[in-house]
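Encoded as structure tokens, the structure appears first; notes follow it.
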Number of protein chains: 2
Amino acid sequence: VSGAPAPPDGRGASNDAARARPVVAVDANGADMGPAEVAAGARIAAEQGVRVLLFGPAEEMQTHPPLGSGVEVVDAPVSVAKSPDPARAVRSTPQASIVQAARAVGDGRAQALVCAGGTGAALAAGLFNVKRAHGVHRPALALPIPIPGPPPTRAVTLLDVGANDQARSEHLVQFAFMGAAFAKAVLGVEHPRVGLLSNGEERERGSELVLAAGAALAERAREDGLRFVGNVEGGDVVGGVADVIVTDGFTGNIALKLMEGVSQTMLGAVRDAASSSLRGKLGGILLRPSLRGFREDIDPEGQGGAYLLGLRRLAVVPHGRFSRHGFAQAIVRAERGAREDVVGATHAALRDAGALRRAPVSADPASLAGE
Amino acid sequence: VSGAPAPPDGRGASNDAARARPVVAVDANGADMGPAEVAAGARIAAEQGVRVLLFGPAEEMQTHPPLGSGVEVVDAPVSVAKSPDPARAVRSTPQASIVQAARAVGDGRAQALVCAGGTGAALAAGLFNVKRAHGVHRPALALPIPIPGPPPTRAVTLLDVGANDQARSEHLVQFAFMGAAFAKAVLGVEHPRVGLLSNGEERERGSELVLAAGAALAERAREDGLRFVGNVEGGDVVGGVADVIVTDGFTGNIALKLMEGVSQTMLGAVRDAASSSLRGKLGGILLRPSLRGFREDIDPEGQGGAYLLGLRRLAVVPHGRFSRHGFAQAIVRAERGAREDVVGATHAALRDAGALRRAPVSADPASLAGE
């Protein structure tokens with residue numbers, strides 16, 4: 001495959017096992033700490049055997065120790081990360097690193113995409129260059145939310161957390177299959193339980209959208225083996241009653257930001273209490289080791305970021321404020337999604353459920369409207 | 001006024017100032033700790049000068065010290081609080097304490113209603129017996145959410161948190177005025193800032209419902225002095241950028257339960273850390289006084305519960321698990337709402353804004369469908 005970096009064992013593409021290993025295209029612009037931090041994440045992922053094609057300003061991506069043979073750098077200094085309208089900038093800037101990385105996935109030089117920073121730019125770059133998966137109405141943004149508890153850390157995947165402002169019932173049905181395939185392939189959940197976010201557990205509670213989607217999902221669950229557990233409530237998002245929770249992008253985005261806000265407020269209050277007095281400070285120091293496990297459990301970097309599902313390849317959007325460890329996790333998981341063929345599994349499940357989009361794809365690849 | 005208890009000064013209704021003081025009808029069934037705990041709350045409120053008409057099983061409502069002259073007990077032992085379908089039970093059980101309390105408000109013996117436990121029963125009892133306020137499409141459930149910080153404790157009022165599964169744009173417009181009147185009259189916020197919950201701050205972001213409601217509210221803000229601050233995001237619910245946040249009952253209920261879930265998870269994690277080891281225990285003990293202020297700040301009992309707006313009188317629904325202090329707070333605030341005439345202020349604001357419902361009220365008072 002032209003342009004792909006050599007596999008980490010250095011024996012080249014003639015080795016069958018190495019050839020089977022996918023390549024992850026990574027945009028190094030968009031991280032708060034700059035391209036070098038993303039490059040350091042790529043190096044960590046490469047040390048685990050992942051092959052990375054890294055797009056960004058080559059001269060800013062020198063790492064210590066240097067990037068090994070698992071990372072191939074493509075000098076792409078143009079960034080649209082700070083643009084006020086990144087989606088528009090993506091469309092008008094073909095030389096931007098994020099566009100080049102997405103194009104590498106679109107033309108087969110790489111099999112998964114990682115780009116830090118805004119989801120708007122990632123969505124636009126993905127739709128234009130990776131393209132929507134066959135039969136999918138809309139891409140969705142899926143966020144694995146870590147649930148504190150004994151290891152192994154479990155996560156509930158909430159989708160859509162904001163790729164779409166509006167949704168129809170058939171979109172939510174597809175999100176259920178997309179989320180289940182993702183949880184199985186990338187998070188290793190064998191038979192994911194799928195819930196539908198609503199304002200009550202009873203089947204008759206919910207918005208019109210939820211009532212329609214709930215009826216459609218219950219039907220599919222009987223026919224197609226989707227493990228649909230019915231309506232779940234807001235409190236269940238952190239309650240572990242489902243592995244995948246489906247909602248529209250409007251509600252999901254509000255839920256996501258509310259969770260972040262409440263968590264930050266509460267962690268801030270504990271921090272304030274632990275600096276308010278000598279006694280409080282001492283208490284904080286003593287409590288810190290016990291709280292560390294919890295903080296590690298809920299550290300969003302451990303989940304690699306948000307996942308853009310419904311394109312022809314998996315795309316991962318780590319948060320711009322992540323460190324190298326979060327970027328590495330995003331790259332490792334993107335590769336796992338490609339290896340486990342989350343896109344193929346999604347397509348097969350949608351096909352078996354008769355939930356593929358039937359109308360032809362819009363002629364305009366930039367259209368977010370779908371069918 | 002027949003049936004109203006004597007004012008706390010014992011001089012009877014001939015005293016003008018005392019006559020002006022409203023009566024609060026309280027249903028004592030529905031509390032997890034039983035009717036005596038509600039009665040104790042009524043006693044505390046009466047000690048602050050509130051006149052209470054208390055409906056419940058008289059023999060279970062003996063308190064120490066005994067209820068004073070500010071509380072008149074009406075023996076109403078029948079409870080629908082444990083019914084599997086409380087809304088239906090309310091309609092079929094005229095002797096139930098919650099129905100009798102609501103009827104006392106409906107026929108003018110009391111000027112505000114407090115009933116612990118489920119909002120479904122409160123909504124049904126209120127719609128049947130207190131009735132919808134003139135020109136209001138739908139009642140809404142408003143929840144003041146305390147924001148931690150230096151005193152005086154501020155609260156953001158989120159509505160609707162679940163009175164309605166579905167909503168139309170004209171409902172959200174009314175919720176904005178209802179919430180603003182409530183925040184001013186009951187919470188003492190002079191010029192409440194009203195935000196519309198969405199998945200982005202930009203005016204063009206949101207569900208179809210939010211786009212329509214946002215445009216209508218922006219129009220009213222120009223014309224009618226509503227202090228509309230535009231779209232707010234999920235994180236803003238605890239961020240203090242608005243005093244009132246408007247949303248539909250579906251989204252609001254999910255937000256409310258998510259907040260409760262995340263708060264409980266995090267407080268639980270701190271508690272676990274403070275019991276995991278000797279060192280953790282010592283840290284917890286040292287930190288406890290500093291954290292107490294925060295826990296008091298976010299204690300839902302301090303806000304008295306959820307408020308049912310849009311009826312002809314204010315109704316308050318304290319949580320069933322509240323203690324006497326929460327019930328007392330609910331009763332005190334219900335009285336304040338009656339004294340400050342939150343219903344009249346809402347009506348005047350809706351009238352001035354041309355946002356009153358124009359079609360005639362449905363002949364069926366039980367209908368939740370509205371216009």
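Ordering of the structure tokens sets the chain letters (A, B, ...), residue numbers begin anew at 1 in every chain, and ligands are numbered from 1 in the order given.
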(message) With only C-alpha atoms considered, list every residue of chain B at most 6 Å from chain A, as a list in words.
(response)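 Therefore, the residues near the partner are Asp165, Gln166, Asn199, Gly206, Ser207, Gly234, Gly235, Phe250, Asn253, Ile254, Lys257, Leu258, Gly261, Ala273, Arg279, Gly280, Gly283, Leu286, Leu287, Ser290 and Leu291 of chain B.
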(message) If we count only C-alpha atoms and set the cut-off at 8 Å, which residues sit around stretch 44-53 of chain A, ignoring sequence neighbours fewer than 3 positions away in its own chain? Please answer as a ChimeraX atom specification.
(response) /A:4-8,21-26,40-41,68,70-74,101,110,324-325,328-329,331-332,335
(request) Just the strand (DSSP E or B) stuff from stretch 263-348 of chain B, please, per backbone DSSP, written as number ranges by chain. (result) B: 306-309, 311, 314-317
(request) Would you list, as a PyMOL selection string, the residues of stretch 45-130 of chain B that end up in alpha helix (DSSP H) under DSSP run on this structure's backbone? (result) chain B and resi 45-47+86-92+97-106+119-125
(message) Please compute the atom CA of B:Leu309-atom CA of B:Val156 distance, one decimal, in Å.
(response)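 Spanning atom CA of B:Leu309 to atom CA of B:Val156 is a straight-line distance of 15.5 Å.
The gap separating atom CA of A:Arg321 from atom CA of A:Met33 is 7.1 Å, in Å to one decimal.
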(request) May I have the residues within 7 Å of B:Val80 as a PyMOL selection string, using only C-alpha atoms and disregarding those fewer than 5 positions away in the same chain? (result) chain B and resi 86+89-90+96
Mind checking which residues fall within 8 Å of B:Glu340, counting only C-alpha atoms, ignoring those fewer than 2 positions away in the same chain, and posting them as a short mmCIF file (atom, residue, chain, number, x, y, z; two decimals) with C-alpha atoms, in the first residue's frame?
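Dumped everything to selection39.cif:
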data_model
loop_
_atom_site.label_atom_id
_atom_site.label_comp_id
_atom_site.auth_asym_id
_atom_site.auth_seq_id
_atom_site.Cartn_x
_atom_site.Cartn_y
_atom_site.Cartn_z
CA ALA B 185 -41.59 36.02 43.44
CA VAL B 186 -40.33 32.92 45.24
CA ARG B 336 -44.30 33.12 49.78
CA GLY B 337 -45.45 32.30 46.25
CA ALA B 338 -49.05 32.98 47.27
CA VAL B 342 -46.64 34.39 41.40
#
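Within the 6 Å cut-off around stretch 301-307 of chain A, using only C-alpha atoms and omitting residues fewer than 5 positions from it on the same chain, the listed residues are Leu141, Ala142, Leu143, Ala315, Val316, Val317, Pro318, His319, Gly326, Gln329 and Ala330 of chain A.
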